[in-house]
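Written below as structure tokens is the structure these notes are about.
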Protein chains: 2
Amino acid sequence: MAKAKKSKRKKAKSKPAKKLKRKTRSTTSAARIKGKTASKRKMAAAATAESMAAKQRAISISEFFAKNRHLLGFDNPRKALLTAVKEAVDNSLDACDEAHILPDLLIDIKAVADTCGRANKFVLTIKDNGPGIIKQQIPNIFARLLYGSKFHSLKMSRGQQGIGISAAGMYGLLTTGEPVQIISRTNPKKMAHHYHVQIDTTKNRPQVVLDEECDFDLPAGTNVTITLEGKYQRGRKSVDEYIAQTAMANPHAAIHYNAPDGNTYEYPRQTEELPFVPREIKPHPYGVELGLLFKMARDSSTKQLSAFLQKEFSRVSLRVAQQICDRAKLRSTLRPSRITLKQAEALHAAINETKIRAPSTDCIGPIGAEQLEEGLRAVVDADFYTASSRNPSVYRGNPFLIEAALAYGIKDNRNSDPEKESSLRLIRIANRVPLLYQQSACAIYKSVLDINWRNYALSQSKSALPTGPVVLMVHIASVWVPFTSESKEAIAHYPEIIKEIQLAVQDCARKLRIYLRRKKRIQRELDKRRYIETYLPYIGEALQDILTLKRRQVDTVITKLKRVLEKSRKL
Amino acid sequence: MAKAKKSKRKKAKSKPAKKLKRKTRSTTSAARIKGKTASKRKMAAAATAESMAAKQRAISISEFFAKNRHLLGFDNPRKALLTAVKEAVDNSLDACDEAHILPDLLIDIKAVADTCGRANKFVLTIKDNGPGIIKQQIPNIFARLLYGSKFHSLKMSRGQQGIGISAAGMYGLLTTGEPVQIISRTNPKKMAHHYHVQIDTTKNRPQVVLDEECDFDLPAGTNVTITLEGKYQRGRKSVDEYIAQTAMANPHAAIHYNAPDGNTYEYPRQTEELPFVPREIKPHPYGVELGLLFKMARDSSTKQLSAFLQKEFSRVSLRVAQQICDRAKLRSTLRPSRITLKQAEALHAAINETKIRAPSTDCIGPIGAEQLEEGLRAVVDADFYTASSRNPSVYRGNPFLIEAALAYGIKDNRNSDPEKESSLRLIRIANRVPLLYQQSACAIYKSVLDINWRNYALSQSKSALPTGPVVLMVHIASVWVPFTSESKEAIAHYPEIIKEIQLAVQDCARKLRIYLRRKKRIQRELDKRRYIETYLPYIGEALQDILTLKRRQVDTVITKLKRVLEKSRKL
């Protein structure tokens, strides 16, 4: 494509004549355009280094995301409503899990007409029985972006970045001018705090509008109310769907949902057992980059290199630390804060050449194959269910684990045209949170697409999902799910992740193939029986004619014949 | 899908027996799983509101993007190298344009082997003849995220957010430990500043490592050097390709590029005319949201509502301001800082009911259809070229403009199999910056895909780009290009933008159809002539036999016949 002159260094040739000719022409036409536009449009004055410097200033992270709200999942009113619900529910479930409490959630959405009578304003309330939030933290958590407890810890949780709920509050403020309302109680012996807070976008700091004590009908818990512009619509990618899938991925939670259309949905708890609660781990040495290693060493308070390696990383024993130091040709007593960039380079290379155990998996808590299958059973009516769970694996130093569940023969009332077979329905879940948007950008979608489904008795056209009455659910649990955007809608295409997803899905697909082949055999058998029953009477008549038998004799012959024909084939 | 119990409010039924049975089973299996895992894995202790509060803290924007670097385009070494080049080039071109200087760019990339001998470290230098950067601003611009001059101004520019170049520096620091090196001169009478700066990620503030004066071989300009881990690879999505497309979209720039493989590419200036330099505008009232309007009014220093509307928004005259106030039933002398949310709601509704002129387009500077076609000619060899430019349009209050250029009959040496027709090649450009990644997520791709190309004489299979030797270039110019991520690789699917792209592309496609039909007719004609020439001698022989003519007579007849046959068809 590059038709530009390309030559070995120091041999760049002069312009060819053809180009010169063209240049002249283009200058003329450019002048023409300029002449045309200059008459209508005023050009900006030339800037200088000084005038440009005068305009330079810091941008607050809230201003940034207010303008780039689509990055956070607030691109349109329908998605905005879903994202706000999702962020609040994620926070509630995370808090309950951390405090070892079986979650009881109430989600209530009410439509409010604006001054012009359009129902585009919603009041969203999420109430949980979690541990509550202490008074001092409430303003920061709900009205400051990039503030939270989960960003700096390496363990599986729904929230990761400390943006979600405050972004939902900011979106509500921007579109309706209303602050976020929070009631939270941490102690059954004390009153609850009642706060109205809003974000100051130019500073990214909370403004407290109301601060009082009040009653609360639970011994501990939190109630969040956000007023925002949105759009409620049923169907795929709806709040209803998100809540149904959340119940499926969190069988230990009880959810009561009042939809804006007046419907009430009740998802009872499916298990009284708490899910495995993950523990925080240290980073694995294989994942660390040179610059970061250098900075960590320089900032470290440890006195010796060996101690630094053991303290700051997981899976580094005294013996492993010694091996790394030896290989890097560094004294193990070297003071980390005095390390040079060259030494850090040697250390970095040595780490990647030393054999170190894979990271511990205490930091991730899978749903479990059987629980996943149960979850699917609870929300989808089908003929066949199966599930599969992989062992933990690692990408870029981060442990992760894949689980999959599959249901075949679903009864879909929504498919109006029974002739046209619908595609496989894919349910994507990351750290127990359903993902509803950006399916085609997601590693899960890509993994499922790249499987040759014809090998598993399903039909599939090129670069499309297979067709059939199938629901497939894939769950990825990780200390850090690599989402493609802050709105956490799709998973980045790490080869390690794609491979694990395919192995889990193929395991389910193999079981499906066995089921389908068996079903097909039974079906064929039934078809044959039907033929026999259809045509035997005619054979009887023919025999009667040929052999001149009596009616009773014919019946005997037919009965015998039928028995022989059926026996000759095994089920 | 939602099999959960659904009922009209206040009529939630009790659990059915079937579910109870299942629940029991699921509890048993869950207990089994738990028993199995508990033996191997240690669960985290239960948290309380207090222990959770102790972990809450602010996250610096640099920490956030260091961990989420794929959001900024640093997902893999190859893309990281491209992104770093792109950010530096964008800044240089923006600075030259603002200062009305015809840009002269030198891009130099050198591979450096690391301690293990792998060539994964690159030293990247970009030098421009722009206005330079004043001393005080250098550390913030290059080592602080979210700092810049373009975020708060509404006009077209390549950079938007004040993240790019500092993120590239941060990535270099993280992967190699090396600081960013800057030499900048603003005044030919003074020496240049020489700085080495690096970002302190925990605080998002610059650290100055070196600060001295030095010589510089240009009267004014900037030279930036970043050392980073990367990967150089030719072909699509390469740095080479990016620079070729940049030259195409910026015919007023001269670019000299030394590639890491030793090749040198020279892109001479195609026009001596400066591009139209856009002016900053105020936001259009139609794009403002209630919450923002409320905040703007409360924070305004104006004394009267009417003055507030005229001062803060574009296209609001005294008459329009009065109309808005009347419709909102508010006094035009109301003090904006005392407005209530209810009044702001009325004002917001009134604005959207009042007819206001479309925003001014002085804020966007298109390349121009003819210049775009020239640019395409300069880098692609083809048989046919065309271009089209639309009038400015508006999405969410932001003006934008679409241009398209098309080349047909390109000679692609890289297509090894001439039998297999390749797909249309799409070149996407936003504010004169080529977009190389995430094509399928982009509004431009979607727009081109949704056109029925069979109407324009190209073959196309379902949900694929048309096939043929075609290069299509689409440029969107806007004060705020709505990218789907901070890495600025794809444009969000705004219906207004998709519509305009389709109109521009269809205009080019119509001209292509005329060309192709004509070409086909000529081809058909040539084929016929060939037939005539092939079969005429046989007709001659036949005539000779039938009419027993002499050789000379036959020649005369054939010549006459040929003339008649050819004349009977018009070219």
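In the structure tokens, chains take the letters A, B, ... in the order shown, each chain's residues start at 1, and ligands count up from 1 in the order shown.
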
DSSP strand (DSSP E or B) selection over range 130-234 of chain A, as a ChimeraX atom specification = /A:147-148,154,180-185,192-200,205-214,221-229

Got time to write the residues from that selection, N, CA and C atoms, as a compact mmCIF listing (two decimals), in the first residue's frame?
# COMPACT_ATOMS: atom_id res chain seq x y z
N TYR A 147 -12.72 5.55 43.79
CA TYR A 147 -12.58 5.42 45.24
C TYR A 147 -13.20 4.08 45.62
N GLY A 148 -12.45 3.24 46.29
CA GLY A 148 -13.01 1.94 46.66
C GLY A 148 -12.01 1.05 47.34
N LEU A 154 -5.86 -8.19 45.22
CA LEU A 154 -5.92 -9.25 44.23
C LEU A 154 -6.80 -10.37 44.72
N VAL A 180 -27.91 11.41 44.99
CA VAL A 180 -28.08 10.00 45.37
C VAL A 180 -28.52 9.96 46.83
N GLN A 181 -29.50 9.10 47.16
CA GLN A 181 -29.97 8.99 48.53
C GLN A 181 -29.52 7.65 49.11
N ILE A 182 -28.91 7.71 50.29
CA ILE A 182 -28.41 6.48 50.92
C ILE A 182 -28.92 6.39 52.36
N ILE A 183 -29.43 5.22 52.71
CA ILE A 183 -29.72 4.93 54.12
C ILE A 183 -28.88 3.70 54.45
N SER A 184 -28.07 3.77 55.50
CA SER A 184 -27.24 2.62 55.83
C SER A 184 -27.14 2.45 57.34
N ARG A 185 -27.21 1.20 57.77
CA ARG A 185 -27.13 0.90 59.20
C ARG A 185 -26.10 -0.20 59.39
N ALA A 192 -29.93 4.41 61.79
CA ALA A 192 -29.29 4.38 60.47
C ALA A 192 -28.89 5.80 60.08
N HIS A 193 -27.89 5.93 59.19
CA HIS A 193 -27.54 7.24 58.64
C HIS A 193 -28.36 7.46 57.37
N HIS A 194 -28.78 8.68 57.17
CA HIS A 194 -29.50 9.03 55.97
C HIS A 194 -28.75 10.17 55.29
N TYR A 195 -28.29 9.92 54.07
CA TYR A 195 -27.46 10.89 53.35
C TYR A 195 -28.06 11.22 51.99
N HIS A 196 -27.95 12.47 51.58
CA HIS A 196 -28.14 12.82 50.17
C HIS A 196 -26.80 13.39 49.71
N VAL A 197 -26.16 12.75 48.72
CA VAL A 197 -24.86 13.25 48.26
C VAL A 197 -24.86 13.43 46.75
N GLN A 198 -24.04 14.37 46.28
CA GLN A 198 -23.87 14.53 44.84
C GLN A 198 -22.41 14.85 44.54
N ILE A 199 -21.99 14.51 43.32
CA ILE A 199 -20.59 14.66 42.97
C ILE A 199 -20.33 16.08 42.44
N ASP A 200 -19.22 16.67 42.85
CA ASP A 200 -18.78 17.93 42.26
C ASP A 200 -17.83 17.55 41.12
N ARG A 205 -15.13 15.43 43.92
CA ARG A 205 -15.28 15.29 45.37
C ARG A 205 -16.77 15.32 45.70
N PRO A 206 -17.17 14.64 46.80
CA PRO A 206 -18.60 14.61 47.15
C PRO A 206 -19.09 15.91 47.80
N GLN A 207 -20.34 16.26 47.53
CA GLN A 207 -21.02 17.34 48.24
C GLN A 207 -22.16 16.71 49.02
N VAL A 208 -22.22 16.94 50.33
CA VAL A 208 -23.29 16.36 51.14
C VAL A 208 -24.45 17.35 51.18
N VAL A 209 -25.62 16.91 50.70
CA VAL A 209 -26.78 17.80 50.64
C VAL A 209 -27.65 17.60 51.87
N LEU A 210 -27.69 16.36 52.40
CA LEU A 210 -28.50 16.06 53.58
C LEU A 210 -27.74 15.03 54.41
N ASP A 211 -27.79 15.18 55.72
CA ASP A 211 -27.06 14.27 56.62
C ASP A 211 -27.86 14.19 57.91
N GLU A 212 -28.60 13.07 58.13
CA GLU A 212 -29.42 12.95 59.33
C GLU A 212 -29.49 11.48 59.76
N GLU A 213 -30.08 11.24 60.92
CA GLU A 213 -30.28 9.86 61.35
C GLU A 213 -31.72 9.48 61.08
N CYS A 214 -31.97 8.18 60.89
CA CYS A 214 -33.35 7.77 60.63
C CYS A 214 -33.54 6.32 61.02
N GLY A 221 -27.78 -3.05 57.01
CA GLY A 221 -28.02 -3.09 55.56
C GLY A 221 -27.94 -1.71 54.96
N THR A 222 -28.12 -1.67 53.65
CA THR A 222 -27.98 -0.42 52.93
C THR A 222 -29.12 -0.28 51.93
N ASN A 223 -29.61 0.93 51.76
CA ASN A 223 -30.67 1.23 50.81
C ASN A 223 -30.21 2.41 49.97
N VAL A 224 -30.06 2.18 48.66
CA VAL A 224 -29.57 3.24 47.77
C VAL A 224 -30.68 3.63 46.81
N THR A 225 -30.90 4.94 46.62
CA THR A 225 -31.90 5.42 45.67
C THR A 225 -31.25 6.39 44.70
N ILE A 226 -31.39 6.09 43.42
CA ILE A 226 -30.85 6.96 42.37
C ILE A 226 -31.99 7.36 41.45
N THR A 227 -32.09 8.66 41.14
CA THR A 227 -33.08 9.13 40.17
C THR A 227 -32.34 9.44 38.88
N LEU A 228 -32.78 8.86 37.80
CA LEU A 228 -32.03 9.06 36.54
C LEU A 228 -32.94 9.01 35.33
N GLU A 229 -32.44 9.53 34.21
CA GLU A 229 -33.15 9.44 32.96
C GLU A 229 -32.86 8.07 32.38

request  = Pull the helix (DSSP H, G or I) assignments for range 173-410 of chain A out of DSSP run on the backbone, and list those residues as a PyMOL selection string.
outcome  = chain A and resi 173-176+239-249+285-287+290-299+305-312+318-328+336-338+341-353+369-379

Contacts of range 385-402 of chain B at 6 Å or less, counting only C-alpha atoms, minus same-chain residues fewer than 2 places along, as a short mmCIF file (atom, residue, chain, number, x, y, z; two decimals) with C-alpha atoms, in the first residue's frame?
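Okay, selection_16.cif is ready:
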data_model
loop_
_atom_site.label_atom_id
_atom_site.label_comp_id
_atom_site.auth_asym_id
_atom_site.auth_seq_id
_atom_site.Cartn_x
_atom_site.Cartn_y
_atom_site.Cartn_z
CA HIS B 284 -25.28 24.20 21.47
CA TYR B 286 -29.91 21.24 22.26
CA GLY B 287 -27.10 19.06 23.55
CA ALA B 369 -13.13 16.11 -1.25
CA GLU B 373 -8.88 12.21 -3.65
CA ALA B 404 -15.33 9.83 1.56
CA ALA B 405 -12.99 8.89 -1.27
CA LEU B 406 -12.91 5.71 -3.34
CA ALA B 407 -10.36 4.09 -5.65
CA HIS B 475 -13.11 10.75 7.20
CA ILE B 476 -15.15 12.06 10.12
CA ALA B 477 -14.30 15.53 11.38
CA SER B 478 -15.94 16.64 14.62
CA ALA B 504 -21.22 10.08 1.52
CA CYS B 508 -18.98 7.66 -4.27
#

request  = Rounded to one decimal place, report the CA of Glu489 in chain A-CA of Tyr437 in chain A distance in Å.
outcome  = 5.5 Å

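One distance worth recording is that between CA of Ile444 in chain B and CA of Val277 in chain B, which is 24.7 Å.
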
ask   = Which neighbours of Cys442 in chain A fall inside 8 Å, counting only C-alpha atoms, when residues of the same chain fewer than 4 positions from it are skipped, and could you give them as number ranges by chain?
value = A: 438, 446, 489-493

Please produce a file of those selected residues containing C-alpha atoms, as a compact mmCIF listing (two decimals), in the first residue's frame.
# COMPACT_ATOMS: atom_id res chain seq x y z
CA GLN A 438 -21.14 -6.18 23.31
CA LYS A 446 -15.20 -15.72 19.95
CA GLU A 489 -19.38 -5.62 28.96
CA ALA A 490 -16.89 -7.80 27.09
CA ILE A 491 -13.73 -9.77 27.93
CA ALA A 492 -10.45 -9.08 26.13
CA HIS A 493 -9.09 -11.75 23.79

Nearby residues (only C-alpha atoms) at most 8 Å from Pro275 in chain B, same-chain spacing under 6 positions excluded, as a VMD selection string = chain B and resid 97 252 365 367

request  = Figure out the distance between CA of Glu541 in chain A and CA of Thr556 in chain A, please, to one decimal in Å.
outcome  =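 According to the coordinates, CA of Thr556 in chain A and CA of Glu541 in chain A are separated by 12.7 Å.
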
task = Identify, on the basis of only C-alpha atoms, every residue whose closest approach to Asn68 in chain A does not exceed 9 Å; exclude the query and any residue fewer than 6 positions from it along the same chain; express the result as a count of residues only.
result = 7

key: Test item: residues at most 8 Å from Phe294 in chain A, only C-alpha atoms, excluding those fewer than 2 positions along its chain, as a PyMOL selection string   = (chain A and resi 290-292+296-298+339-341+344) or (chain B and resi 177)

Next, write the just-selected residues to a file, as a tab-separated table (two decimals), in the first residue's frame, keeping C-alpha atoms as the atom set.
chain	number	residue	atom	x	y	z
A	290	LEU	CA	10.59	-4.33	34.56
A	291	GLY	CA	9.56	-0.74	35.31
A	292	LEU	CA	7.14	-1.84	38.03
A	296	MET	CA	8.64	-1.67	43.84
A	297	ALA	CA	12.25	-2.36	44.82
A	298	ARG	CA	13.14	1.34	45.10
A	339	ILE	CA	18.98	-1.11	43.11
A	340	THR	CA	19.98	0.34	39.72
A	341	LEU	CA	17.94	0.02	36.53
A	344	ALA	CA	16.60	-4.53	38.03
B	177	GLY	CA	12.12	1.94	33.62

query = Which is closest to chain A among B:Thr333, B:Asn258, B:Asn91, B:Gln304, if we use only C-alpha atoms?
reply = B:Asn258

request  = Go through A:Met52, A:Ile126, A:Ile141, A:Ala167 and flag the residue nearest Ala95 in chain B, using only C-alpha atoms for the distances.
outcome  =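 Of all the options, A:Met52 lies closest to Ala95 in chain B.
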
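Of the residues listed (B:Val481, B:Leu372, B:Val471, B:Ala346), B:Val481 shows the shortest atom-to-atom separation from Arg158 in chain B; distances use only C-alpha atoms.
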
ask   = Of the residues B:Ile165, B:Leu105, B:Cys363, B:Ala321, which is the one nearest to chain A, using only C-alpha atoms?
value =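 Closest to chain A of all the choices is B:Cys363.
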
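Across B:Asn76, B:Ser459, B:Gln506, B:Thr186, the tightest approach to Glu421 in chain B is made by B:Ser459 when counting only C-alpha atoms.
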